[in-house]
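Q: Data: input-v7.txt, compact mmCIF, C-alpha atoms and all ligand atoms.
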# COMPACT_ATOMS: atom_id res chain seq x y z
CA MET A 1 94.21 126.08 112.35
CA ALA A 2 97.90 126.71 111.82
CA SER A 3 98.51 130.03 110.10
CA CYS A 4 100.72 128.31 107.54
CA PRO A 5 99.25 125.05 106.23
CA ILE A 6 101.65 123.39 103.77
CA ALA A 7 100.67 120.85 101.12
CA VAL A 8 103.38 118.19 100.85
CA ILE A 9 103.66 116.37 97.53
CA VAL A 10 105.68 113.17 97.79
CA GLY A 11 106.80 111.76 94.45
CA SER A 12 106.85 108.10 95.51
CA LEU A 13 103.97 105.70 96.03
CA ARG A 14 106.20 103.02 97.55
CA ARG A 15 104.95 101.73 100.91
CA GLU A 16 108.34 102.10 102.62
CA SER A 17 109.30 105.24 100.69
CA PHE A 18 112.38 107.00 102.05
CA ASN A 19 111.02 110.25 100.66
CA ARG A 20 107.75 109.86 102.55
CA ARG A 21 109.65 109.13 105.77
CA PHE A 22 111.87 112.12 105.07
CA ALA A 23 108.86 114.38 104.49
CA THR A 24 107.45 113.35 107.87
CA ALA A 25 110.76 113.81 109.69
CA LEU A 26 111.51 117.16 108.03
CA ALA A 27 108.11 118.55 109.05
CA ARG A 28 109.07 118.05 112.68
CA LEU A 29 111.73 120.77 112.31
CA ALA A 30 109.11 123.40 111.48
CA PRO A 31 107.75 125.99 113.94
CA ALA A 32 104.37 125.44 115.60
CA ASP A 33 102.48 127.79 113.27
CA PHE A 34 103.34 125.56 110.30
CA SER A 35 101.39 122.35 109.63
CA PHE A 36 102.35 119.86 106.91
CA THR A 37 99.84 117.58 105.19
CA GLN A 38 100.91 114.96 102.66
CA VAL A 39 98.38 115.08 99.83
CA ARG A 40 97.24 111.92 98.05
CA ILE A 41 98.30 111.41 94.47
CA ASP A 42 98.00 107.61 94.19
CA ASP A 43 94.33 107.64 93.17
CA LEU A 44 94.62 110.22 90.40
CA PRO A 45 93.76 108.93 86.93
CA LEU A 46 96.31 109.31 84.16
CA TYR A 47 96.02 112.86 82.91
CA ASN A 48 93.88 113.19 79.77
CA GLN A 49 93.06 116.63 78.40
CA ASP A 50 89.65 115.37 77.29
CA ASP A 51 88.64 115.35 80.97
CA ASP A 52 89.51 119.00 81.67
CA ALA A 53 85.89 120.14 81.58
CA GLN A 54 84.89 117.46 84.09
CA GLN A 55 87.80 116.68 86.37
CA ALA A 56 87.60 113.49 88.43
CA GLU A 57 86.88 113.74 92.16
CA PRO A 58 90.48 112.97 93.25
CA VAL A 59 91.71 115.75 90.96
CA ARG A 60 89.22 118.25 92.41
CA ARG A 61 90.28 117.15 95.91
CA LEU A 62 93.96 117.67 95.08
CA LYS A 63 93.29 121.12 93.66
CA ALA A 64 91.24 122.09 96.73
CA GLU A 65 94.03 120.93 99.06
CA ILE A 66 96.56 122.99 97.16
CA ALA A 67 94.23 126.00 97.13
CA ARG A 68 93.90 125.81 100.94
CA ALA A 69 97.67 125.61 101.47
CA ARG A 70 99.82 128.70 101.87
CA GLY A 71 102.90 126.87 100.66
CA LEU A 72 104.12 123.71 98.93
CA LEU A 73 106.80 121.18 99.75
CA PHE A 74 107.90 118.77 97.02
CA VAL A 75 109.76 115.70 98.28
CA THR A 76 110.79 113.57 95.37
CA PRO A 77 112.91 110.62 94.39
CA GLU A 78 114.73 110.58 91.06
CA TYR A 79 113.56 108.07 88.45
CA ASN A 80 115.81 107.68 85.42
CA ARG A 81 117.27 111.14 85.94
CA SER A 82 113.91 112.91 86.17
CA VAL A 83 110.85 113.09 88.40
CA PRO A 84 108.65 109.99 88.77
CA GLY A 85 105.69 109.86 86.40
CA VAL A 86 103.23 109.94 89.30
CA LEU A 87 104.54 113.34 90.35
CA LYS A 88 104.39 114.74 86.81
CA ASN A 89 100.86 113.38 86.53
CA ALA A 90 99.81 115.23 89.69
CA ILE A 91 101.46 118.45 88.54
CA ASP A 92 99.71 118.26 85.17
CA HIS A 93 96.30 117.57 86.72
CA ALA A 94 96.42 120.48 89.15
CA SER A 95 97.67 122.84 86.42
CA ARG A 96 94.47 122.48 84.37
CA PRO A 97 92.05 123.54 82.90
CA TYR A 98 94.16 126.22 81.22
CA GLY A 99 94.02 129.40 83.28
CA GLN A 100 92.84 127.57 86.41
CA SER A 101 96.10 126.17 87.74
CA ALA A 102 96.10 125.51 91.48
CA TRP A 103 99.87 126.01 91.67
CA THR A 104 100.11 129.67 90.66
CA GLY A 105 101.92 131.84 93.17
CA LYS A 106 102.26 129.22 95.94
CA PRO A 107 105.73 129.42 97.47
CA ALA A 108 107.55 126.08 97.34
CA GLY A 109 110.53 124.12 98.54
CA VAL A 110 112.10 121.19 96.71
CA VAL A 111 113.98 118.37 98.45
CA GLY A 112 114.64 114.73 97.71
CA VAL A 113 116.18 111.50 98.92
CA SER A 114 117.96 108.97 96.74
CA VAL A 115 120.10 105.92 97.18
CA GLY A 116 122.23 107.16 94.26
CA ALA A 117 125.43 109.19 94.49
CA ILE A 118 124.10 112.47 93.11
CA GLY A 119 120.92 112.19 95.15
CA THR A 120 117.98 113.63 93.11
CA ALA A 121 119.91 116.61 91.74
CA VAL A 122 118.78 116.00 88.16
CA ALA A 123 115.16 115.28 89.12
CA GLN A 124 115.05 118.46 91.19
CA GLN A 125 116.40 120.48 88.26
CA HIS A 126 113.63 119.11 86.03
CA LEU A 127 111.06 119.89 88.72
CA ARG A 128 112.34 123.45 89.10
CA GLY A 129 111.82 123.97 85.37
CA MET A 130 108.18 122.93 85.67
CA LEU A 131 107.63 125.10 88.74
CA ALA A 132 109.14 128.15 87.03
CA TYR A 133 106.71 127.68 84.13
CA LEU A 134 103.83 127.29 86.60
CA ASP A 135 104.72 130.58 88.32
CA VAL A 136 105.62 128.91 91.62
CA PRO A 137 108.24 130.92 93.55
CA THR A 138 110.71 128.24 94.61
CA LEU A 139 113.39 128.50 97.30
CA GLY A 140 116.77 128.40 95.56
CA GLN A 141 119.20 127.93 98.43
CA PRO A 142 120.20 125.89 100.24
CA GLU A 143 119.74 123.04 97.81
CA CYS A 144 118.75 119.81 99.54
CA PHE A 145 120.06 116.62 97.95
CA ILE A 146 119.86 113.82 100.51
CA ARG A 147 121.50 110.44 100.08
CA MET A 148 119.79 107.63 101.96
CA LYS A 149 122.24 106.26 104.48
CA GLU A 150 122.19 104.71 107.91
CA GLY A 151 121.52 107.36 110.54
CA LEU A 152 119.50 109.69 108.29
CA PHE A 153 116.56 108.93 110.57
CA ASP A 154 116.76 108.48 114.33
CA ALA A 155 114.99 105.69 116.22
CA ASP A 156 112.00 107.95 116.73
CA GLY A 157 111.48 108.68 113.03
CA GLY A 158 113.02 112.16 113.28
CA ILE A 159 116.07 113.49 111.42
CA GLY A 160 119.28 111.85 112.68
CA ALA A 161 121.88 113.88 114.55
CA ASP A 162 124.39 114.13 111.64
CA SER A 163 121.89 115.81 109.30
CA ARG A 164 119.91 117.84 111.81
CA ASP A 165 121.85 121.12 111.69
CA PHE A 166 121.84 121.27 107.92
CA LEU A 167 118.15 120.42 107.68
CA GLN A 168 117.17 122.83 110.46
CA GLY A 169 118.96 125.53 108.47
CA TRP A 170 117.06 124.46 105.36
CA MET A 171 113.74 124.56 107.24
CA ASP A 172 114.45 128.02 108.68
CA ARG A 173 115.08 129.37 105.18
CA TYR A 174 111.99 127.61 103.85
CA VAL A 175 109.77 129.06 106.59
CA ALA A 176 111.07 132.58 105.85
CA TRP A 177 110.54 132.00 102.12
CA VAL A 178 106.91 130.92 102.58
CA LYS A 179 106.17 133.84 104.90
CA ALA A 180 107.69 136.28 102.42
CA HIS A 181 105.82 134.91 99.39
CA ALA A 182 102.51 133.53 100.67
CA GLY A 183 99.53 135.64 99.64
C1 LIG W 1 112.31 103.29 88.05
C2 LIG W 1 113.44 103.74 88.94
C3 LIG W 1 114.41 104.61 88.46
C4 LIG W 1 115.41 105.09 89.30
N1 LIG W 1 116.29 106.02 88.82
C5 LIG W 1 117.15 106.64 89.66
C6 LIG W 1 117.91 107.75 89.23
O1 LIG W 1 117.84 108.19 88.08
N2 LIG W 1 118.72 108.35 90.14
C7 LIG W 1 118.82 107.92 91.44
O2 LIG W 1 119.56 108.52 92.22
N3 LIG W 1 118.11 106.84 91.88
C8 LIG W 1 117.26 106.21 91.03
N4 LIG W 1 116.49 105.16 91.47
C9 LIG W 1 116.65 104.66 92.85
C10 LIG W 1 115.83 105.49 93.85
O3 LIG W 1 116.66 106.52 94.35
C11 LIG W 1 115.39 104.60 95.01
O4 LIG W 1 114.55 103.57 94.50
C12 LIG W 1 114.66 105.39 96.09
O5 LIG W 1 114.49 104.56 97.21
C13 LIG W 1 113.29 105.87 95.61
O6 LIG W 1 112.69 106.69 96.58
P1 LIG W 1 111.59 106.15 97.63
O7 LIG W 1 112.32 105.32 98.63
O8 LIG W 1 111.02 107.39 98.22
O9 LIG W 1 110.57 105.35 96.87
C14 LIG W 1 115.49 104.65 90.64
C15 LIG W 1 114.51 103.73 91.11
C16 LIG W 1 113.51 103.30 90.30
C17 LIG W 1 112.45 102.36 90.84
What is this file in structure tokens?
A:
Amino acid sequence: MASCPIAVIVGSLRRESFNRRFATALARLAPADFSFTQVRIDDLPLYNQDDDAQQAEPVRRLKAEIARARGLLFVTPEYNRSVPGVLKNAIDHASRPYGQSAWTGKPAGVVGVSVGAIGTAVAQQHLRGMLAYLDVPTLGQPECFIRMKEGLFDADGGIGADSRDFLQGWMDRYVAWVKAHAG
């Protein structure tokens, strides 16, 4: 097993999601001792506090996957200047029952791809607020706001040449951050 398993939370359920493609391509820039697994959030029920005492199987699975990970990577689109509801739903589920949050202390990175001009900056800011409350140490710099454009991905599904240096720099900082903060 890789010494640094990372749980990747993608905030889009769309089949052809740019963020999902980006998550896959970005993971290829990591060193060999890091492994990235995209966790499922599309089968989670809508969060209802009544269910806290008996969480549904997909919720227990999500919490177990987060517990096993040494770090987190959030890859999110921006919906109406915030995070998509499916991502907020997943965050709420894994934060409960009160006092049993799966997120606590897991070092995280936040990135996102958008077709819009300010590329997920507002959504990421909202997400950072949640993560601060959840006691998730989150890499501050470099910020990573990616605008979807031709050439972002190469023919092989990797990061295209124009963005590779910047994103390799981001990954290097992320790897150091996780190593410094993982328990
Ligand atoms: C409901 C909805 C709201 C959106 N709101 C924003 C927004 O606030 N800012 C933005 O940059 N793009 C917005 N978009 C466009 C997304 O950036 C675009 O759909 C992107 O492809 C979503 O990511 P995905 O490809 O990973 O699904 C919105 C799209 C949808 C469907």
Q: Within 12 Å of ligand LIG 1 (chain W), counting only C-alpha atoms and all ligand atoms, which protein or nucleic acid residues do you find, written as a ChimeraX atom specification?
A: /A:9-24,74-87,111-124,126,145-149
Q: Counting all atoms listed in the file, figure out which residue out of A:Gly183, A:Gln54, A:Lys88, A:Cys144 gets nearest to A:Ser163.
A: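 Smallest separation from A:Ser163 among the options: A:Cys144.
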Q: If we count all atoms listed in the file, what is near A:Lys179 at a cut-off of 12 Å, once residues fewer than 5 positions away on the same chain are taken out, given as a ChimeraX atom specification?
A: /A:3-6,33-34,70-72,106-108,137,139,172-174
Q: Would you pick out the contacts of A:Met130 at 10 Å or less, using all atoms listed in the file, so that residues sharing its chain but fewer than 5 positions from it are not included, and give the list as a CSV table (one decimal) with C-alpha atoms, in the frame of the given file?
A:
chain,number,residue,atom,x,y,z
A,88,LYS,CA,104.4,114.7,86.8
A,91,ILE,CA,101.5,118.4,88.5
A,92,ASP,CA,99.7,118.3,85.2
A,124,GLN,CA,115.0,118.5,91.2
A,125,GLN,CA,116.4,120.5,88.3
A,135,ASP,CA,104.7,130.6,88.3
A,136,VAL,CA,105.6,128.9,91.6
Q: Skipping near chain neighbours, those fewer than 4 positions away, what residues fall within 8 Å of A:Phe153 using only C-alpha atoms, listed as a short mmCIF file (atom, residue, chain, number, x, y, z; two decimals) with C-alpha atoms, in the coordinates of the input?
A:
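Output contents, as saved in out23.cif:
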data_model
loop_
_atom_site.label_atom_id
_atom_site.label_comp_id
_atom_site.auth_asym_id
_atom_site.auth_seq_id
_atom_site.Cartn_x
_atom_site.Cartn_y
_atom_site.Cartn_z
CA PHE A 22 111.87 112.12 105.07
CA ALA A 25 110.76 113.81 109.69
CA GLY A 157 111.48 108.68 113.03
CA GLY A 158 113.02 112.16 113.28
CA ILE A 159 116.07 113.49 111.42
CA GLY A 160 119.28 111.85 112.68
#
Q: Hey, what's within 7 Å of stretch 43-52 of chain A if we count all atoms listed in the file and toss same-chain stuff fewer than 6 positions away? As a list in words, please?
A: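 These residues fall inside the cut-off: Pro58, Val59, Asn89, Asp92, His93, Arg96 and Pro97 of chain A.
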Q: Smallest atom-to-atom distance to A:Leu29: which of A:Ala161, A:Leu62, A:Ala176, A:Leu167, using all atoms listed in the file?
A: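 Nearest candidate to A:Leu29 out of A:Ala161, A:Leu62, A:Ala176, A:Leu167: A:Leu167.
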Q: Any idea what the distance is between atom CA of A:Glu57 and atom CA of A:Ile41?
A: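 So the answer is 11.9 Å.
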Q: Using all atoms listed in the file, which residue out of A:Gly169, A:Gly105, A:Pro31, A:Gly99 lies closest to A:Leu131?
A: A:Gly105
Q: Could you work out how far atom CA of A:Ala90 lies from atom CA of A:Glu143, giving the answer in Å with one decimal?
A: 22.9 Å
Q: Could you tell me how far atom CA of A:Lys63 lies from atom CA of A:Ser101, in Å and to one decimal?
A: 8.3 Å
Q: Is it possible to add N, CA, C and O atoms to stretch 127-148 of chain A and hand it back as a PDB file, in the coordinates of the input?
A:
ATOM      1  N   LEU A 127     112.224 119.385  87.982  1.00  0.00           N
ATOM      2  CA  LEU A 127     111.060 119.890  88.720  1.00  0.00           C
ATOM      3  C   LEU A 127     111.079 121.410  88.786  1.00  0.00           C
ATOM      4  O   LEU A 127     110.052 122.076  88.596  1.00  0.00           O
ATOM      5  N   ARG A 128     112.237 121.976  89.018  1.00  0.00           N
ATOM      6  CA  ARG A 128     112.340 123.450  89.100  1.00  0.00           C
ATOM      7  C   ARG A 128     111.931 124.097  87.772  1.00  0.00           C
ATOM      8  O   ARG A 128     111.337 125.187  87.762  1.00  0.00           O
ATOM      9  N   GLY A 129     112.242 123.436  86.673  1.00  0.00           N
ATOM     10  CA  GLY A 129     111.820 123.970  85.370  1.00  0.00           C
ATOM     11  C   GLY A 129     110.307 124.021  85.255  1.00  0.00           C
ATOM     12  O   GLY A 129     109.735 125.011  84.778  1.00  0.00           O
ATOM     13  N   MET A 130     109.655 122.951  85.704  1.00  0.00           N
ATOM     14  CA  MET A 130     108.180 122.930  85.670  1.00  0.00           C
ATOM     15  C   MET A 130     107.612 124.024  86.571  1.00  0.00           C
ATOM     16  O   MET A 130     106.662 124.722  86.208  1.00  0.00           O
ATOM     17  N   LEU A 131     108.174 124.152  87.772  1.00  0.00           N
ATOM     18  CA  LEU A 131     107.630 125.100  88.740  1.00  0.00           C
ATOM     19  C   LEU A 131     107.816 126.541  88.261  1.00  0.00           C
ATOM     20  O   LEU A 131     106.954 127.397  88.483  1.00  0.00           O
ATOM     21  N   ALA A 132     108.929 126.808  87.577  1.00  0.00           N
ATOM     22  CA  ALA A 132     109.140 128.150  87.030  1.00  0.00           C
ATOM     23  C   ALA A 132     108.053 128.459  86.004  1.00  0.00           C
ATOM     24  O   ALA A 132     107.456 129.548  86.010  1.00  0.00           O
ATOM     25  N   TYR A 133     107.762 127.486  85.145  1.00  0.00           N
ATOM     26  CA  TYR A 133     106.710 127.680  84.130  1.00  0.00           C
ATOM     27  C   TYR A 133     105.357 127.903  84.804  1.00  0.00           C
ATOM     28  O   TYR A 133     104.528 128.699  84.332  1.00  0.00           O
ATOM     29  N   LEU A 134     105.122 127.215  85.914  1.00  0.00           N
ATOM     30  CA  LEU A 134     103.830 127.290  86.600  1.00  0.00           C
ATOM     31  C   LEU A 134     103.729 128.498  87.545  1.00  0.00           C
ATOM     32  O   LEU A 134     102.764 128.637  88.287  1.00  0.00           O
ATOM     33  N   ASP A 135     104.745 129.357  87.530  1.00  0.00           N
ATOM     34  CA  ASP A 135     104.720 130.580  88.320  1.00  0.00           C
ATOM     35  C   ASP A 135     104.703 130.288  89.819  1.00  0.00           C
ATOM     36  O   ASP A 135     103.984 130.935  90.595  1.00  0.00           O
ATOM     37  N   VAL A 136     105.483 129.300  90.210  1.00  0.00           N
ATOM     38  CA  VAL A 136     105.620 128.910  91.620  1.00  0.00           C
ATOM     39  C   VAL A 136     106.972 129.442  92.123  1.00  0.00           C
ATOM     40  O   VAL A 136     108.015 128.978  91.671  1.00  0.00           O
ATOM     41  N   PRO A 137     106.965 130.432  93.032  1.00  0.00           N
ATOM     42  CA  PRO A 137     108.240 130.920  93.550  1.00  0.00           C
ATOM     43  C   PRO A 137     108.921 129.856  94.418  1.00  0.00           C
ATOM     44  O   PRO A 137     108.364 129.443  95.439  1.00  0.00           O
ATOM     45  N   THR A 138     110.076 129.408  93.996  1.00  0.00           N
ATOM     46  CA  THR A 138     110.710 128.240  94.610  1.00  0.00           C
ATOM     47  C   THR A 138     112.024 128.613  95.277  1.00  0.00           C
ATOM     48  O   THR A 138     112.883 129.255  94.647  1.00  0.00           O
ATOM     49  N   LEU A 139     112.158 128.224  96.548  1.00  0.00           N
ATOM     50  CA  LEU A 139     113.390 128.500  97.300  1.00  0.00           C
ATOM     51  C   LEU A 139     114.596 127.945  96.540  1.00  0.00           C
ATOM     52  O   LEU A 139     114.620 126.765  96.181  1.00  0.00           O
ATOM     53  N   GLY A 140     115.597 128.822  96.326  1.00  0.00           N
ATOM     54  CA  GLY A 140     116.770 128.400  95.560  1.00  0.00           C
ATOM     55  C   GLY A 140     117.857 127.761  96.418  1.00  0.00           C
ATOM     56  O   GLY A 140     118.431 126.732  96.063  1.00  0.00           O
ATOM     57  N   GLN A 141     118.120 128.379  97.566  1.00  0.00           N
ATOM     58  CA  GLN A 141     119.200 127.930  98.430  1.00  0.00           C
ATOM     59  C   GLN A 141     118.729 127.855  99.879  1.00  0.00           C
ATOM     60  O   GLN A 141     117.923 128.688 100.288  1.00  0.00           O
ATOM     61  N   PRO A 142     119.240 126.916 100.646  1.00  0.00           N
ATOM     62  CA  PRO A 142     120.200 125.890 100.240  1.00  0.00           C
ATOM     63  C   PRO A 142     119.514 124.780  99.444  1.00  0.00           C
ATOM     64  O   PRO A 142     118.345 124.476  99.690  1.00  0.00           O
ATOM     65  N   GLU A 143     120.248 124.213  98.493  1.00  0.00           N
ATOM     66  CA  GLU A 143     119.740 123.040  97.810  1.00  0.00           C
ATOM     67  C   GLU A 143     119.757 121.868  98.792  1.00  0.00           C
ATOM     68  O   GLU A 143     120.546 121.861  99.744  1.00  0.00           O
ATOM     69  N   CYS A 144     118.899 120.893  98.556  1.00  0.00           N
ATOM     70  CA  CYS A 144     118.750 119.810  99.540  1.00  0.00           C
ATOM     71  C   CYS A 144     118.728 118.459  98.824  1.00  0.00           C
ATOM     72  O   CYS A 144     117.668 117.965  98.453  1.00  0.00           O
ATOM     73  N   PHE A 145     119.922 117.915  98.615  1.00  0.00           N
ATOM     74  CA  PHE A 145     120.060 116.620  97.950  1.00  0.00           C
ATOM     75  C   PHE A 145     120.487 115.607  99.025  1.00  0.00           C
ATOM     76  O   PHE A 145     121.624 115.668  99.513  1.00  0.00           O
ATOM     77  N   ILE A 146     119.597 114.716  99.387  1.00  0.00           N
ATOM     78  CA  ILE A 146     119.860 113.820 100.510  1.00  0.00           C
ATOM     79  C   ILE A 146     120.112 112.409 100.000  1.00  0.00           C
ATOM     80  O   ILE A 146     119.298 111.863  99.247  1.00  0.00           O
ATOM     81  N   ARG A 147     121.234 111.833 100.423  1.00  0.00           N
ATOM     82  CA  ARG A 147     121.500 110.440 100.080  1.00  0.00           C
ATOM     83  C   ARG A 147     121.059 109.562 101.244  1.00  0.00           C
ATOM     84  O   ARG A 147     121.408 109.823 102.407  1.00  0.00           O
ATOM     85  N   MET A 148     120.263 108.539 100.911  1.00  0.00           N
ATOM     86  CA  MET A 148     119.790 107.630 101.960  1.00  0.00           C
ATOM     87  C   MET A 148     120.974 106.871 102.539  1.00  0.00           C
ATOM     88  O   MET A 148     121.704 106.208 101.817  1.00  0.00           O
TER      89      MET A 148
END
